[in-house]
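File shown: entry_13.cif. Contents: mmCIF, C-alpha atoms.
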data_work
#
loop_
_atom_site.label_atom_id
_atom_site.label_comp_id
_atom_site.auth_asym_id
_atom_site.auth_seq_id
_atom_site.Cartn_x
_atom_site.Cartn_y
_atom_site.Cartn_z
CA MET A 1312 -32.65 -23.50 6.52
CA GLN A 1313 -30.22 -20.70 5.67
CA LEU A 1314 -26.84 -20.94 7.38
CA THR A 1315 -25.32 -18.08 9.35
CA HIS A 1316 -21.86 -16.70 8.56
CA GLU A 1317 -20.47 -18.64 11.51
CA GLU A 1318 -21.90 -21.95 10.24
CA ILE A 1319 -20.39 -21.71 6.75
CA GLN A 1320 -17.00 -23.39 6.49
CA PHE A 1321 -15.66 -22.57 3.02
CA GLU A 1322 -11.97 -23.29 2.50
CA ARG A 1323 -9.93 -20.08 2.53
CA LYS A 1324 -7.82 -19.82 -0.60
CA THR A 1325 -5.97 -17.12 -2.51
CA PHE A 1326 -5.50 -17.33 -6.26
CA PRO A 1327 -2.65 -15.66 -8.20
CA ILE A 1328 -5.05 -13.13 -9.69
CA THR A 1329 -4.68 -9.35 -9.77
CA LEU A 1330 -7.84 -7.45 -10.62
CA VAL A 1331 -6.92 -4.39 -12.70
CA CYS A 1332 -9.59 -1.66 -12.69
CA ASP A 1333 -9.20 0.74 -15.63
CA HIS A 1334 -10.62 4.10 -14.52
CA ILE A 1335 -13.46 2.77 -12.36
CA TYR A 1336 -14.84 5.65 -10.31
CA PHE A 1337 -18.32 4.74 -9.02
CA GLN A 1338 -17.94 4.12 -5.29
CA GLN A 1339 -20.61 1.43 -5.19
CA ASN A 1340 -18.71 -0.48 -7.87
CA ILE A 1341 -15.39 -0.02 -6.06
CA GLY A 1342 -16.84 -1.34 -2.81
CA SER A 1343 -18.47 -4.26 -4.60
CA LEU A 1344 -15.21 -5.09 -6.39
CA PHE A 1345 -13.45 -5.37 -3.02
CA ARG A 1346 -16.22 -7.63 -1.79
CA ILE A 1347 -16.26 -9.94 -4.80
CA SER A 1348 -12.45 -10.03 -4.90
CA GLU A 1349 -12.35 -11.16 -1.29
CA ALA A 1350 -15.02 -13.78 -1.98
CA PHE A 1351 -13.05 -15.24 -4.91
CA GLY A 1352 -9.62 -15.13 -3.26
CA VAL A 1353 -8.12 -12.43 -5.47
CA GLU A 1354 -4.53 -11.64 -4.49
CA ASN A 1355 -4.74 -7.86 -4.97
CA ILE A 1356 -6.42 -5.02 -6.86
CA ILE A 1357 -4.84 -2.28 -8.95
CA PHE A 1358 -6.87 0.86 -9.59
CA LEU A 1359 -5.77 2.88 -12.61
CA GLY A 1360 -6.59 6.57 -12.64
CA LYS A 1361 -6.33 9.84 -10.80
CA ASP A 1362 -8.47 10.71 -7.80
CA ILE A 1363 -9.94 7.22 -7.36
CA PRO A 1364 -12.61 7.69 -4.64
CA LEU A 1365 -11.33 5.25 -2.03
CA ASN A 1366 -13.18 6.88 0.87
CA PRO A 1367 -13.47 3.99 3.37
CA ARG A 1368 -16.74 5.26 4.84
CA LYS A 1369 -18.57 5.21 1.51
CA ILE A 1370 -16.86 2.11 0.15
CA ASN A 1371 -17.60 0.19 3.36
CA LYS A 1372 -21.35 0.21 2.63
CA THR A 1373 -20.87 -2.17 -0.29
CA SER A 1374 -17.51 -3.74 0.62
CA ARG A 1375 -18.69 -4.90 4.07
CA ASN A 1376 -15.14 -4.35 5.44
CA THR A 1377 -13.48 -6.46 2.73
CA HIS A 1378 -11.49 -3.38 1.67
CA LEU A 1379 -9.51 -4.02 4.87
CA HIS A 1380 -8.47 -7.50 3.68
CA ILE A 1381 -7.56 -7.07 0.01
CA PRO A 1382 -4.27 -5.30 -0.74
CA TYR A 1383 -4.63 -2.62 -3.39
CA THR A 1384 -2.52 -0.13 -5.28
CA VAL A 1385 -3.39 3.02 -7.21
CA ILE A 1386 -1.43 3.74 -10.38
CA GLU A 1387 -2.29 7.09 -11.89
CA GLU A 1388 -0.84 6.82 -15.41
CA THR A 1389 -1.67 4.17 -18.01
CA GLN A 1390 1.95 3.91 -19.18
CA ASP A 1391 3.11 3.21 -15.62
CA LEU A 1392 0.54 0.41 -15.38
CA VAL A 1393 1.60 -1.01 -18.76
CA THR A 1394 5.23 -1.10 -17.59
CA HIS A 1395 4.21 -2.69 -14.29
CA LEU A 1396 2.14 -5.44 -15.92
CA VAL A 1397 4.78 -6.21 -18.54
CA ASP A 1398 7.47 -6.39 -15.83
CA LEU A 1399 5.34 -8.87 -13.86
CA LYS A 1400 5.36 -11.25 -16.85
CA CYS A 1401 1.81 -12.27 -16.00
CA GLU A 1402 -0.93 -13.46 -18.32
CA ILE A 1403 -2.89 -10.30 -19.09
CA ILE A 1404 -6.55 -11.00 -19.80
CA ALA A 1405 -8.90 -8.18 -20.78
CA LEU A 1406 -12.64 -8.62 -20.24
CA GLU A 1407 -14.07 -6.65 -23.14
CA ILE A 1408 -16.17 -7.22 -26.26
CA THR A 1409 -14.00 -6.45 -29.30
CA ASN A 1410 -13.82 -7.59 -32.92
CA SER A 1411 -11.20 -10.16 -31.88
CA SER A 1412 -12.43 -11.22 -28.42
CA LYS A 1413 -13.35 -14.81 -27.71
CA PRO A 1414 -15.98 -16.19 -25.33
CA LEU A 1415 -14.96 -16.36 -21.67
CA LYS A 1416 -15.45 -20.15 -21.71
CA GLU A 1417 -12.50 -20.36 -24.15
CA VAL A 1418 -10.02 -18.55 -21.91
CA ILE A 1419 -6.72 -20.36 -21.41
CA LEU A 1420 -5.29 -19.95 -17.92
CA PRO A 1421 -1.61 -20.88 -17.79
CA SER A 1422 -0.71 -22.82 -14.66
CA ASP A 1423 2.77 -21.27 -14.41
CA LYS A 1424 1.86 -17.56 -14.52
CA LYS A 1425 -0.03 -15.08 -12.43
CA ILE A 1426 -3.16 -13.61 -13.98
CA ALA A 1427 -3.98 -9.93 -14.42
CA LEU A 1428 -7.69 -9.56 -15.19
CA ILE A 1429 -8.42 -6.12 -16.63
CA ILE A 1430 -11.92 -4.71 -16.33
CA GLY A 1431 -12.97 -1.42 -17.87
CA SER A 1432 -14.54 1.80 -16.77
CA GLU A 1433 -18.27 2.17 -16.41
CA ILE A 1434 -18.34 4.61 -19.32
CA ASN A 1435 -15.56 3.76 -21.78
CA GLY A 1436 -14.55 0.16 -21.08
CA ILE A 1437 -10.88 -0.82 -21.35
CA SER A 1438 -8.46 1.62 -23.02
CA GLU A 1439 -6.81 0.73 -26.32
CA GLU A 1440 -3.37 0.86 -24.63
CA LEU A 1441 -4.36 -1.91 -22.23
CA LEU A 1442 -6.10 -3.96 -24.92
CA LYS A 1443 -2.87 -3.86 -26.97
CA ILE A 1444 -0.79 -5.46 -24.21
CA SER A 1445 -3.39 -8.11 -23.37
CA ASN A 1446 -2.47 -11.72 -24.09
CA GLN A 1447 -6.14 -12.61 -24.34
CA ILE A 1448 -9.31 -10.60 -24.79
CA VAL A 1449 -12.48 -12.36 -23.67
CA HIS A 1450 -16.14 -11.47 -23.52
CA ILE A 1451 -19.20 -12.86 -21.78
CA ASN A 1452 -21.77 -14.25 -24.19
CA MET A 1453 -25.10 -12.49 -23.69
CA PHE A 1454 -28.40 -13.44 -25.24
CA GLY A 1455 -30.59 -10.37 -24.86
CA LYS A 1456 -30.60 -7.08 -26.74
CA ASN A 1457 -28.15 -5.45 -24.32
CA SER A 1458 -24.47 -5.62 -25.24
CA SER A 1459 -22.96 -4.77 -21.86
CA MET A 1460 -23.41 -5.40 -18.16
CA ASN A 1461 -22.31 -3.76 -14.91
CA VAL A 1462 -18.56 -4.04 -14.36
CA VAL A 1463 -19.00 -5.81 -11.02
CA GLN A 1464 -21.36 -8.39 -12.51
CA ALA A 1465 -18.94 -9.02 -15.37
CA ALA A 1466 -15.95 -9.31 -13.01
CA SER A 1467 -17.91 -11.73 -10.82
CA ILE A 1468 -18.68 -14.00 -13.76
CA ALA A 1469 -15.05 -13.95 -14.93
CA LEU A 1470 -13.64 -14.59 -11.46
CA TYR A 1471 -16.04 -17.50 -10.97
CA GLU A 1472 -14.88 -18.98 -14.27
CA PHE A 1473 -11.19 -18.46 -13.40
CA THR A 1474 -11.44 -20.00 -9.94
CA SER A 1475 -13.71 -22.96 -10.78
#

Any chance you could give the structure as structure tokens?
Amino acid sequence: MQLTHEEIQFERKTFPITLVCDHIYFQQNIGSLFRISEAFGVENIIFLGKDIPLNPRKINKTSRNTHLHIPYTVIEETQDLVTHLVDLKCEIIALEITNSSKPLKEVILPSDKKIALIIGSEINGISEELLKISNQIVHINMFGKNSSMNVVQAASIALYEFTS
């Protein structure tokens, strides 16, 4: 029998992970990223870009109110984000298929640093500027003809791997 929300007793936990969203603009994806971040105990979210559509009414449909529980910041300029991430001295991990990326299963998560997981835009992926400052670039092995997946699906897989 399926359990109700009240019957499920998962341990609440927050991980030292910041989800960095590089120019993600689709509201359904934004709402879903709040929801999956809350589910996996992400510490906060950074949205990079101008005019990020953070309209609570539209985001709420997919976030299911989780946008009220996850702290977030908007940084408009890439260089400001680069400076911010470098100043944090965190392990910067980009989730992108590149000529030098390694499979997600091979990611090395340092125990003494916070993690910044960068995910890319629905159209262009992660910018070259952010790939250059990444300590690790990882990809999800896929076995069909398609070479990409929805940004929320990819983030979910990476967050599951990081928090397992």

Worksheet item: Where does the PyMOL selection byres ((chain A and resi 1340-1345) around 6) land in this file, that is, which residues does it pick, as a PyMOL selection string?
Response: chain A and resi 1337-1339+1346-1348+1370+1373-1374+1377-1378

Worksheet item: Which residues match the PyMOL selection byres ((chain A and resi 1411) around 12) in the file above, as JSON, numbers by chain?
Response: {"A": [1405, 1406, 1407, 1408, 1409, 1410, 1412, 1413, 1414, 1442, 1443, 1445, 1446, 1447, 1448, 1449, 1450]}

Discussion item. Counting all atoms listed in the file, which residue out of A:Phe1358, A:Phe1454, A:Phe1326, A:Phe1473 sits closest to Ile1404 of chain A?
Written reply: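 Ranking A:Phe1358, A:Phe1454, A:Phe1326, A:Phe1473 by distance to Ile1404 of chain A, first place goes to A:Phe1473.
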
Practice prompt. Record the distance separating atom CA of Lys1424 of chain A and atom CA of Thr1325 of chain A, expressed in Å with one decimal.
Written response: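 Separation between atom CA of Lys1424 of chain A and atom CA of Thr1325 of chain A: 14.3 Å.
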
Worksheet item: What residues come out when you apply the PyMOL selection byres ((chain A and resi 1336) around 10) to this file, written as a PyMOL selection string?
Response: chain A and resi 1332-1335+1337-1341+1358-1365+1432-1434

Practice prompt. For atom CA of Asn1457 of chain A and atom CA of Leu1441 of chain A, determine how far apart the two atoms are, in Å to one decimal place.
Written response: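 One can read the atom CA of Asn1457 of chain A to atom CA of Leu1441 of chain A distance as 24.1 Å.
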
Worksheet item: What is the distance, in Å and to one decimal place, between atom CA of Val1393 of chain A and atom CA of Phe1351 of chain A?
Response: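 Those two atoms sit 24.7 Å apart.
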
Worksheet item: Between A:Ile1357, A:Gln1464, A:Glu1417, A:Pro1367, which is the closest to Glu1387 of chain A once you count all atoms listed in the file?
Response: A:Ile1357

Worksheet item: What residues have an atom no more than 12 Å from (5.3, -7.1, -15.9) in the file's own frame, counting only C-alpha atoms, and can you write them as an MDAnalysis selection string?
Response: chainID A and resid 1329 1390:1403 1424:1427 1444:1445

Mind dumping the selected residues with C-alpha atoms as an mmCIF file, keeping the file's coordinate frame?
data_model
loop_
_atom_site.group_PDB
_atom_site.id
_atom_site.type_symbol
_atom_site.label_atom_id
_atom_site.label_comp_id
_atom_site.auth_asym_id
_atom_site.auth_seq_id
_atom_site.Cartn_x
_atom_site.Cartn_y
_atom_site.Cartn_z
ATOM 1 C CA THR A 1329 -4.680 -9.350 -9.770
ATOM 2 C CA GLN A 1390 1.950 3.910 -19.180
ATOM 3 C CA ASP A 1391 3.110 3.210 -15.620
ATOM 4 C CA LEU A 1392 0.540 0.410 -15.380
ATOM 5 C CA VAL A 1393 1.600 -1.010 -18.760
ATOM 6 C CA THR A 1394 5.230 -1.100 -17.590
ATOM 7 C CA HIS A 1395 4.210 -2.690 -14.290
ATOM 8 C CA LEU A 1396 2.140 -5.440 -15.920
ATOM 9 C CA VAL A 1397 4.780 -6.210 -18.540
ATOM 10 C CA ASP A 1398 7.470 -6.390 -15.830
ATOM 11 C CA LEU A 1399 5.340 -8.870 -13.860
ATOM 12 C CA LYS A 1400 5.360 -11.250 -16.850
ATOM 13 C CA CYS A 1401 1.810 -12.270 -16.000
ATOM 14 C CA GLU A 1402 -0.930 -13.460 -18.320
ATOM 15 C CA ILE A 1403 -2.890 -10.300 -19.090
ATOM 16 C CA LYS A 1424 1.860 -17.560 -14.520
ATOM 17 C CA LYS A 1425 -0.030 -15.080 -12.430
ATOM 18 C CA ILE A 1426 -3.160 -13.610 -13.980
ATOM 19 C CA ALA A 1427 -3.980 -9.930 -14.420
ATOM 20 C CA ILE A 1444 -0.790 -5.460 -24.210
ATOM 21 C CA SER A 1445 -3.390 -8.110 -23.370
#

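Using only C-alpha atoms, the smallest distance between any of A:Thr1389, A:Ile1430, A:Leu1415, A:Asn1376 and Ile1356 of chain A comes from A:Ile1430.
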
Discussion item. I'd like to know which of A:Gln1320, A:Glu1388, A:Ile1328, A:Gly1352 is closest to Ser1438 of chain A, using all atoms listed in the file.
Written reply: A:Glu1388

Please export segment 1312-1324 of chain A as a short mmCIF file (atom, residue, chain, number, x, y, z; two decimals), in the first residue's frame, restricted to all heavy atoms.
data_model
loop_
_atom_site.label_atom_id
_atom_site.label_comp_id
_atom_site.auth_asym_id
_atom_site.auth_seq_id
_atom_site.Cartn_x
_atom_site.Cartn_y
_atom_site.Cartn_z
N MET A 1312 0.84 -1.17 0.00
CA MET A 1312 0.00 0.00 0.00
C MET A 1312 0.90 1.25 0.00
O MET A 1312 1.89 1.31 0.71
CB MET A 1312 -0.90 0.00 1.23
CG MET A 1312 -1.72 1.26 1.30
SD MET A 1312 -2.80 1.56 2.73
CE MET A 1312 -3.10 0.04 3.48
N GLN A 1313 0.53 2.23 -0.80
CA GLN A 1313 1.29 3.48 -0.86
C GLN A 1313 1.11 4.27 0.43
O GLN A 1313 0.01 4.35 0.98
CB GLN A 1313 0.80 4.32 -2.05
CG GLN A 1313 1.59 5.59 -2.22
CD GLN A 1313 1.11 6.42 -3.40
OE1 GLN A 1313 -0.01 6.24 -3.88
NE2 GLN A 1313 1.94 7.32 -3.86
N LEU A 1314 2.21 4.83 0.92
CA LEU A 1314 2.16 5.64 2.13
C LEU A 1314 1.75 7.08 1.80
O LEU A 1314 2.06 7.59 0.72
CB LEU A 1314 3.53 5.65 2.82
CG LEU A 1314 4.04 4.31 3.34
CD1 LEU A 1314 5.43 4.48 3.92
CD2 LEU A 1314 3.10 3.74 4.38
N THR A 1315 1.11 7.74 2.75
CA THR A 1315 0.79 9.15 2.60
C THR A 1315 2.01 9.98 3.01
O THR A 1315 2.94 9.47 3.63
CB THR A 1315 -0.40 9.55 3.49
OG1 THR A 1315 0.01 9.43 4.86
CG2 THR A 1315 -1.61 8.68 3.22
N HIS A 1316 1.98 11.27 2.70
CA HIS A 1316 3.08 12.16 3.10
C HIS A 1316 3.30 12.13 4.60
O HIS A 1316 4.43 12.20 5.08
CB HIS A 1316 2.80 13.60 2.64
CG HIS A 1316 2.90 13.77 1.16
ND1 HIS A 1316 4.09 13.74 0.49
CD2 HIS A 1316 1.95 13.99 0.22
CE1 HIS A 1316 3.89 13.92 -0.80
NE2 HIS A 1316 2.59 14.08 -0.98
N GLU A 1317 2.23 12.04 5.35
CA GLU A 1317 2.32 12.05 6.82
C GLU A 1317 2.96 10.77 7.36
O GLU A 1317 3.54 10.77 8.44
CB GLU A 1317 0.94 12.25 7.46
CG GLU A 1317 0.33 13.62 7.19
CD GLU A 1317 -0.24 13.78 5.78
OE1 GLU A 1317 -0.64 12.77 5.16
OE2 GLU A 1317 -0.27 14.92 5.30
N GLU A 1318 2.84 9.66 6.63
CA GLU A 1318 3.36 8.38 7.10
C GLU A 1318 4.85 8.18 6.79
O GLU A 1318 5.49 7.30 7.36
CB GLU A 1318 2.57 7.24 6.46
CG GLU A 1318 1.12 7.19 6.91
CD GLU A 1318 0.31 6.20 6.09
OE1 GLU A 1318 0.44 6.18 4.84
OE2 GLU A 1318 -0.44 5.44 6.71
N ILE A 1319 5.38 8.97 5.89
CA ILE A 1319 6.78 8.81 5.48
C ILE A 1319 7.67 9.57 6.45
O ILE A 1319 7.47 10.76 6.69
CB ILE A 1319 6.99 9.32 4.03
CG1 ILE A 1319 6.13 8.50 3.08
CG2 ILE A 1319 8.47 9.25 3.65
CD1 ILE A 1319 6.08 9.02 1.67
N GLN A 1320 8.66 8.89 6.99
CA GLN A 1320 9.53 9.50 7.99
C GLN A 1320 10.99 9.53 7.54
O GLN A 1320 11.87 8.99 8.20
CB GLN A 1320 9.40 8.72 9.31
CG GLN A 1320 8.01 8.70 9.89
CD GLN A 1320 7.53 10.08 10.28
OE1 GLN A 1320 8.27 10.86 10.87
NE2 GLN A 1320 6.28 10.39 9.97
N PHE A 1321 11.27 10.15 6.41
CA PHE A 1321 12.66 10.29 5.97
C PHE A 1321 13.39 11.24 6.92
O PHE A 1321 12.82 12.19 7.45
CB PHE A 1321 12.75 10.87 4.55
CG PHE A 1321 12.28 9.92 3.49
CD1 PHE A 1321 11.22 10.27 2.67
CD2 PHE A 1321 12.91 8.71 3.28
CE1 PHE A 1321 10.78 9.41 1.68
CE2 PHE A 1321 12.48 7.84 2.28
CZ PHE A 1321 11.42 8.19 1.48
N GLU A 1322 14.68 10.97 7.11
CA GLU A 1322 15.50 11.85 7.94
C GLU A 1322 15.76 13.15 7.18
O GLU A 1322 16.16 13.13 6.02
CB GLU A 1322 16.84 11.16 8.22
CG GLU A 1322 17.82 12.00 8.98
CD GLU A 1322 19.21 11.37 9.06
OE1 GLU A 1322 19.37 10.21 8.66
OE2 GLU A 1322 20.11 12.07 9.52
N ARG A 1323 15.50 14.28 7.84
CA ARG A 1323 15.79 15.58 7.22
C ARG A 1323 17.28 15.82 7.29
O ARG A 1323 17.90 15.61 8.33
CB ARG A 1323 15.04 16.70 7.92
CG ARG A 1323 13.56 16.67 7.66
CD ARG A 1323 12.90 17.91 8.28
NE ARG A 1323 11.56 18.02 7.78
CZ ARG A 1323 11.23 18.74 6.70
NH1 ARG A 1323 12.14 19.40 6.04
NH2 ARG A 1323 10.00 18.78 6.29
N LYS A 1324 17.86 16.25 6.18
CA LYS A 1324 19.30 16.46 6.13
C LYS A 1324 19.59 17.50 5.06
O LYS A 1324 18.93 17.54 4.03
CB LYS A 1324 19.97 15.13 5.80
CG LYS A 1324 21.45 15.12 5.94
CD LYS A 1324 21.98 13.70 5.78
CE LYS A 1324 23.47 13.71 6.02
NZ LYS A 1324 24.05 12.38 5.89
#
